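Shown next, in structure tokens, is the structure this report addresses.
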Amino acid sequence: MQEKPVTILGVETSCDETAAAVVRNGRQILSSVVASQTKLHERFGGVVPEIASRAHLEKILPVIKEAIEQAGVKPADIDAVAVAHQPGLAIALMVGVTAAKTLAFAWQKPLIGINHLHAHLQSAILASETMELPAVALIVSGGHTSLYEAESALELKRLGSTIDDAAGEGFDKVATILGLPYPGGPSIEKTAKGGNPKAVAFPRSLLDKESLDFSFSGLKTAVLYHCQGQDMKGNNRVASMSPQEISDIAASFQQAAVDTLIIKTLRAVRKVGARTVLVGGGVAANTALREGMQDMCDKNKLSLLIAPKSLCTDNAAMVASLAYYYYKEGRFSGLDLEPTATT
Ligand code: KG4
Ligand code: ZN
């Protein structure tokens, strides 16, 4: 007899996207709705938690309703409600967690709390049938940059993480320095297209020889000094730069960030004897990183599982997909589930 399919509603509100999705058996995405708040935060050059939380409140119910409608299911068809409850902005997470708890209670379905970072890796695993272990996983997002040893989608051991800025934060801040629009990652990528990645020798901060931690604040400061002078008196230099000079700086910064991520990932691979590399998170959408990682993996005979571009930035399909494996193991959360800002 065929096993009954498992249909899970996922909810995601950890930062500035209000998202809901319905996923069947961990792989079949029946719907994935994302309401982005980019326009609201644009003029501040970053996410303002209070604005994010209020926007989540306005959007959460319509977004969930749309996800259920698009999936063509009824609440009775949903087997569990999953929600990203950590890490993230506490007052943003609160909205998704409260909505998910309410629905789980009202529908009398199990609730599954999901770690947002683990869910990012699920986006990388989702499309592949098998994964050769051991694997090294790199999460590169706006809030986090970490390397893990992955024994499965559920079991991750942290090997290293950023000691200051996250990679995505670096892209966002450098975009601000260069006067490019928010969010910085896609703007830098676009501007870097016509630029020379060797034009400016920005530093690759590798820390100690063995270190698997990251540091991106030195790179950001190097871009700042390059644009405004060591004494920070050349405030208007960016305004007088040619588009080509700006493209060259964007390309050189992007290359330095990508090189650092690849070098550290290879270090981790060698340390754990990995056969597979997983990459997920918003910065994984970056073409230079995708191509560089593919090249490194080809040269070292590693298989690369990288999230499809459509699932790199925050979404709820990754949450509902990972929750399927929790469901299978009966790893449910109580209705006392709390949002937690840290990992
Ligand atoms: O995973 P995500 O959506 O949110 C967090 O969990 O933080 O990642 C957002 C980050 C932002 O910093 C954004 O600038 C960056 O991902 N990002 C990119 C690209 N697309 C998004 N960075 C570099 N290149 C991109 N194409
Ligand atoms: Zn994220």
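By convention here, the chains of the structure tokens are called A, B, ... in the order presented, each chain's residues are numbered starting at 1, and ligands are numbered starting at 1 in the order presented.
Neighbours of segment 227-232 of chain A closer than or equal to 10 Å, with only C-alpha atoms counted and sequence neighbours fewer than 6 positions away skipped, come out as Ile177, Leu178, Thr221, Val238, Ala239, Met241, Ile246 and Ile249 of chain A.
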Can I get the selected residues back with all heavy atoms, as a PDB file, in the first residue's frame?
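Output file part.pdb is given in full below:
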```pdb
ATOM      1  N   ILE A 177      28.136  52.212   0.515  1.00  0.00           N
ATOM      2  CA  ILE A 177      29.337  53.054   0.295  1.00  0.00           C
ATOM      3  C   ILE A 177      29.388  53.514  -1.175  1.00  0.00           C
ATOM      4  O   ILE A 177      29.717  54.654  -1.474  1.00  0.00           O
ATOM      5  CB  ILE A 177      30.627  52.266   0.642  1.00  0.00           C
ATOM      6  CG1 ILE A 177      30.668  51.919   2.139  1.00  0.00           C
ATOM      7  CG2 ILE A 177      31.886  53.051   0.240  1.00  0.00           C
ATOM      8  CD1 ILE A 177      31.780  50.935   2.536  1.00  0.00           C
ATOM      9  N   LEU A 178      29.015  52.594  -2.079  1.00  0.00           N
ATOM     10  CA  LEU A 178      29.109  52.914  -3.511  1.00  0.00           C
ATOM     11  C   LEU A 178      27.857  53.624  -4.044  1.00  0.00           C
ATOM     12  O   LEU A 178      27.755  53.893  -5.241  1.00  0.00           O
ATOM     13  CB  LEU A 178      29.344  51.622  -4.323  1.00  0.00           C
ATOM     14  CG  LEU A 178      30.688  50.915  -4.084  1.00  0.00           C
ATOM     15  CD1 LEU A 178      30.775  49.633  -4.891  1.00  0.00           C
ATOM     16  CD2 LEU A 178      31.861  51.836  -4.430  1.00  0.00           C
ATOM     17  N   THR A 221      35.930  47.824   5.348  1.00  0.00           N
ATOM     18  CA  THR A 221      36.693  49.027   5.686  1.00  0.00           C
ATOM     19  C   THR A 221      37.682  49.365   4.564  1.00  0.00           C
ATOM     20  O   THR A 221      37.900  50.542   4.245  1.00  0.00           O
ATOM     21  CB  THR A 221      37.439  48.833   7.030  1.00  0.00           C
ATOM     22  OG1 THR A 221      36.470  48.387   7.983  1.00  0.00           O
ATOM     23  CG2 THR A 221      38.077  50.101   7.516  1.00  0.00           C
ATOM     24  N   VAL A 238      33.135  59.087  -4.356  1.00  0.00           N
ATOM     25  CA  VAL A 238      32.250  58.167  -5.091  1.00  0.00           C
ATOM     26  C   VAL A 238      31.399  58.959  -6.089  1.00  0.00           C
ATOM     27  O   VAL A 238      31.215  58.535  -7.226  1.00  0.00           O
ATOM     28  CB  VAL A 238      31.356  57.352  -4.128  1.00  0.00           C
ATOM     29  CG1 VAL A 238      30.313  56.553  -4.902  1.00  0.00           C
ATOM     30  CG2 VAL A 238      32.210  56.416  -3.286  1.00  0.00           C
ATOM     31  N   ALA A 239      30.938  60.134  -5.647  1.00  0.00           N
ATOM     32  CA  ALA A 239      30.084  60.943  -6.521  1.00  0.00           C
ATOM     33  C   ALA A 239      30.806  61.352  -7.800  1.00  0.00           C
ATOM     34  O   ALA A 239      30.185  61.535  -8.847  1.00  0.00           O
ATOM     35  CB  ALA A 239      29.611  62.179  -5.769  1.00  0.00           C
ATOM     36  N   MET A 241      33.244  59.534  -9.213  1.00  0.00           N
ATOM     37  CA  MET A 241      33.815  58.372  -9.920  1.00  0.00           C
ATOM     38  C   MET A 241      33.037  58.079 -11.191  1.00  0.00           C
ATOM     39  O   MET A 241      31.817  58.279 -11.245  1.00  0.00           O
ATOM     40  CB  MET A 241      33.741  57.122  -9.029  1.00  0.00           C
ATOM     41  CG  MET A 241      34.821  57.037  -7.990  1.00  0.00           C
ATOM     42  SD  MET A 241      34.534  55.534  -7.023  1.00  0.00           S
ATOM     43  CE  MET A 241      35.708  55.795  -5.715  1.00  0.00           C
ATOM     44  N   ILE A 246      33.350  52.558 -10.520  1.00  0.00           N
ATOM     45  CA  ILE A 246      32.446  51.949  -9.535  1.00  0.00           C
ATOM     46  C   ILE A 246      32.273  50.452  -9.834  1.00  0.00           C
ATOM     47  O   ILE A 246      32.304  49.614  -8.931  1.00  0.00           O
ATOM     48  CB  ILE A 246      31.099  52.702  -9.499  1.00  0.00           C
ATOM     49  CG1 ILE A 246      31.352  54.104  -8.940  1.00  0.00           C
ATOM     50  CG2 ILE A 246      30.063  51.950  -8.654  1.00  0.00           C
ATOM     51  CD1 ILE A 246      30.150  54.952  -8.717  1.00  0.00           C
ATOM     52  N   ILE A 249      35.348  48.598  -8.640  1.00  0.00           N
ATOM     53  CA  ILE A 249      35.392  48.424  -7.178  1.00  0.00           C
ATOM     54  C   ILE A 249      34.409  47.315  -6.774  1.00  0.00           C
ATOM     55  O   ILE A 249      34.737  46.436  -5.974  1.00  0.00           O
ATOM     56  CB  ILE A 249      35.053  49.753  -6.448  1.00  0.00           C
ATOM     57  CG1 ILE A 249      36.120  50.811  -6.753  1.00  0.00           C
ATOM     58  CG2 ILE A 249      34.941  49.531  -4.938  1.00  0.00           C
ATOM     59  CD1 ILE A 249      35.767  52.214  -6.293  1.00  0.00           C
TER      60      ILE A 249
END
```
Given 10 Å and only C-alpha atoms and all ligand atoms, residues near ligand 2 as a PyMOL selection string: chain A and resi 12-17+84+87-88+116-120+139-144+280-283+312-315
What would the file look like if the residues just selected were written as a CSV table (one decimal), in the first residue's frame with N, CA and C atoms?
```csv
chain,number,residue,atom,x,y,z
A,12,GLU,N,7.3,31.7,7.4
A,12,GLU,CA,8.7,32.3,7.6
A,12,GLU,C,8.5,33.8,7.8
A,13,THR,N,9.0,34.4,8.9
A,13,THR,CA,9.0,35.8,9.1
A,13,THR,C,10.2,36.3,9.9
A,14,SER,N,11.4,35.6,9.6
A,14,SER,CA,12.5,35.9,10.5
A,14,SER,C,13.1,37.3,10.2
A,15,CYS,N,13.0,37.8,9.0
A,15,CYS,CA,13.6,39.1,8.7
A,15,CYS,C,12.6,40.0,8.0
A,16,ASP,N,12.8,40.2,6.7
A,16,ASP,CA,12.0,41.2,6.0
A,16,ASP,C,11.1,40.5,4.9
A,17,GLU,N,10.9,39.2,4.9
A,17,GLU,CA,10.0,38.6,3.9
A,17,GLU,C,8.9,37.9,4.7
A,84,ALA,N,9.6,28.9,11.1
A,84,ALA,CA,11.0,29.3,11.4
A,84,ALA,C,10.9,30.1,12.7
A,87,PRO,N,17.1,31.5,14.0
A,87,PRO,CA,17.4,32.8,14.6
A,87,PRO,C,16.7,33.9,13.7
A,88,GLY,N,16.8,35.1,14.2
A,88,GLY,CA,16.2,36.2,13.4
A,88,GLY,C,15.9,37.4,14.3
A,116,HIS,N,15.9,28.5,11.1
A,116,HIS,CA,15.9,29.2,9.8
A,116,HIS,C,17.2,28.9,9.0
A,117,LEU,N,18.3,28.8,9.7
A,117,LEU,CA,19.6,28.5,9.0
A,117,LEU,C,19.6,27.1,8.4
A,118,HIS,N,19.2,26.1,9.2
A,118,HIS,CA,19.1,24.7,8.7
A,118,HIS,C,18.2,24.7,7.5
A,119,ALA,N,17.1,25.5,7.5
A,119,ALA,CA,16.2,25.5,6.4
A,119,ALA,C,16.8,26.0,5.1
A,120,HIS,N,17.7,27.0,5.3
A,120,HIS,CA,18.5,27.5,4.1
A,120,HIS,C,19.2,26.3,3.4
A,139,ILE,N,26.5,28.3,5.0
A,139,ILE,CA,25.4,29.2,4.9
A,139,ILE,C,25.8,30.7,4.8
A,140,VAL,N,25.4,31.3,3.8
A,140,VAL,CA,25.8,32.7,3.5
A,140,VAL,C,24.6,33.6,3.4
A,141,SER,N,24.2,34.3,4.4
A,141,SER,CA,23.0,35.1,4.3
A,141,SER,C,23.3,36.5,4.8
A,142,GLY,N,22.3,37.3,5.0
A,142,GLY,CA,22.4,38.7,5.4
A,142,GLY,C,22.8,38.7,6.9
A,143,GLY,N,22.4,37.7,7.6
A,143,GLY,CA,22.7,37.8,9.1
A,143,GLY,C,23.7,36.8,9.5
A,144,HIS,N,24.0,35.8,8.7
A,144,HIS,CA,25.0,34.7,9.1
A,144,HIS,C,25.9,34.3,8.0
A,280,GLY,N,23.8,27.4,0.8
A,280,GLY,CA,22.5,28.0,0.9
A,280,GLY,C,22.5,29.4,1.5
A,281,GLY,N,21.4,30.2,1.4
A,281,GLY,CA,21.3,31.5,1.9
A,281,GLY,C,21.4,32.5,0.8
A,282,GLY,N,21.0,33.7,1.1
A,282,GLY,CA,20.8,34.8,0.1
A,282,GLY,C,22.0,35.0,-0.8
A,283,VAL,N,23.2,35.0,-0.2
A,283,VAL,CA,24.4,35.3,-1.0
A,283,VAL,C,24.7,34.1,-2.0
A,312,CYS,N,17.2,30.8,-2.8
A,312,CYS,CA,18.3,31.3,-2.0
A,312,CYS,C,17.9,32.2,-0.9
A,313,THR,N,17.1,33.3,-1.3
A,313,THR,CA,16.7,34.2,-0.3
A,313,THR,C,15.5,33.6,0.5
A,314,ASP,N,15.1,34.4,1.6
A,314,ASP,CA,14.2,33.8,2.5
A,314,ASP,C,12.9,33.4,1.8
A,315,ASN,N,12.4,32.2,2.2
A,315,ASN,CA,11.1,31.7,1.7
A,315,ASN,C,10.6,30.6,2.7
```
Residue neighbourhood Val200 of chain A, 10 Å, only C-alpha atoms, exclusion window fewer than 5 positions, as a PyMOL selection string: chain A and resi 223+226+245+248-253+256
Same residues, N, CA and C atoms, saved as a compact mmCIF listing (two decimals), in the first residue's frame:
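Wrote it out as out.txt, contents follow:
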```txt
# COMPACT_ATOMS: atom_id res chain seq x y z
N VAL A 223 37.24 48.86 1.43
CA VAL A 223 36.47 49.52 0.35
C VAL A 223 36.19 50.97 0.74
N HIS A 226 39.30 52.99 0.39
CA HIS A 226 39.59 53.15 -1.04
C HIS A 226 38.73 54.28 -1.63
N GLU A 245 34.72 52.99 -12.90
CA GLU A 245 35.48 52.86 -11.65
C GLU A 245 34.62 52.19 -10.57
N ASP A 248 34.44 48.54 -11.30
CA ASP A 248 35.71 47.88 -10.95
C ASP A 248 35.79 47.61 -9.44
N ILE A 249 35.35 48.60 -8.64
CA ILE A 249 35.39 48.42 -7.18
C ILE A 249 34.41 47.31 -6.77
N ALA A 250 33.19 47.35 -7.36
CA ALA A 250 32.19 46.32 -7.03
C ALA A 250 32.71 44.94 -7.40
N ALA A 251 33.32 44.82 -8.59
CA ALA A 251 33.82 43.51 -9.05
C ALA A 251 34.98 43.04 -8.17
N SER A 252 35.85 43.96 -7.77
CA SER A 252 37.01 43.59 -6.95
C SER A 252 36.56 43.19 -5.55
N PHE A 253 35.59 43.92 -5.00
CA PHE A 253 35.04 43.54 -3.68
C PHE A 253 34.39 42.16 -3.76
N ALA A 256 36.88 39.39 -3.87
CA ALA A 256 37.55 39.16 -2.59
C ALA A 256 36.64 38.38 -1.65
```
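The spacing separating atom CA of Ala99 of chain A from atom CA of Thr340 of chain A amounts to 15.6 Å.
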Spatial neighbours of segment 205-219 of chain A, 10 Å, only C-alpha atoms, chain gap at least 5 places, as a PDB file with C-alpha atoms, in the first residue's frame:
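Contents of result_24.pdb, freshly written:
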```pdb
ATOM      1  CA  THR A 145      28.039  33.208   7.529  1.00  0.00           C
ATOM      2  CA  SER A 146      28.820  29.777   8.923  1.00  0.00           C
ATOM      3  CA  LEU A 147      30.394  26.469   8.003  1.00  0.00           C
ATOM      4  CA  TYR A 148      28.997  23.182   9.282  1.00  0.00           C
ATOM      5  CA  ARG A 158      29.263  24.098  13.505  1.00  0.00           C
ATOM      6  CA  LEU A 159      32.868  24.371  12.337  1.00  0.00           C
ATOM      7  CA  GLY A 160      33.149  28.147  12.159  1.00  0.00           C
ATOM      8  CA  SER A 161      31.265  31.382  11.649  1.00  0.00           C
ATOM      9  CA  THR A 162      31.817  35.078  11.181  1.00  0.00           C
ATOM     10  CA  ILE A 163      33.439  36.981  14.011  1.00  0.00           C
ATOM     11  CA  ASP A 164      32.004  40.282  12.766  1.00  0.00           C
ATOM     12  CA  ASP A 165      29.898  41.075   9.666  1.00  0.00           C
ATOM     13  CA  ALA A 166      28.056  38.391   7.709  1.00  0.00           C
ATOM     14  CA  ALA A 167      28.897  38.113   3.999  1.00  0.00           C
ATOM     15  CA  GLY A 168      25.498  39.488   2.917  1.00  0.00           C
ATOM     16  CA  GLU A 169      25.890  42.362   5.372  1.00  0.00           C
ATOM     17  CA  GLY A 170      29.237  43.097   3.666  1.00  0.00           C
ATOM     18  CA  PHE A 171      27.517  43.259   0.276  1.00  0.00           C
ATOM     19  CA  LYS A 173      27.262  47.906   3.391  1.00  0.00           C
ATOM     20  CA  VAL A 174      29.598  48.122   0.399  1.00  0.00           C
ATOM     21  CA  LEU A 224      35.552  52.517   2.512  1.00  0.00           C
ATOM     22  CA  TYR A 225      39.183  53.745   2.676  1.00  0.00           C
ATOM     23  CA  PHE A 253      35.044  43.544  -3.678  1.00  0.00           C
ATOM     24  CA  ALA A 256      37.554  39.161  -2.586  1.00  0.00           C
ATOM     25  CA  ALA A 257      34.389  38.062  -0.735  1.00  0.00           C
ATOM     26  CA  ASP A 259      37.507  33.969  -2.812  1.00  0.00           C
ATOM     27  CA  THR A 260      37.363  34.080   0.987  1.00  0.00           C
ATOM     28  CA  LEU A 261      34.185  31.960   1.088  1.00  0.00           C
ATOM     29  CA  ILE A 263      39.064  29.159   0.443  1.00  0.00           C
ATOM     30  CA  LYS A 264      37.395  28.589   3.826  1.00  0.00           C
ATOM     31  CA  THR A 265      34.960  26.041   2.416  1.00  0.00           C
ATOM     32  CA  LEU A 266      37.863  24.080   0.925  1.00  0.00           C
ATOM     33  CA  ARG A 267      39.681  24.236   4.276  1.00  0.00           C
ATOM     34  CA  ALA A 268      36.598  22.744   5.952  1.00  0.00           C
ATOM     35  CA  LYS A 271      39.427  19.024   7.657  1.00  0.00           C
TER      36      LYS A 271
END
```
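Distance-wise, atom CA of Ala274 of chain A and atom CA of Glu132 of chain A end up 8.6 Å apart.
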Segment 101-111 of chain A environment, 12 Å, only C-alpha atoms, sequence neighbours closer than 3 positions dropped, as number ranges by chain: A: 7-11, 60-61, 64-65, 74-85, 94-98, 114, 320, 323-324, 326-328, 330-339
Atomic distance atom 9 (C, counted along the ligand's line) of ligand 1 - atom CA of Ser247 of chain A, expressed in Å with one decimal: 21.3 Å
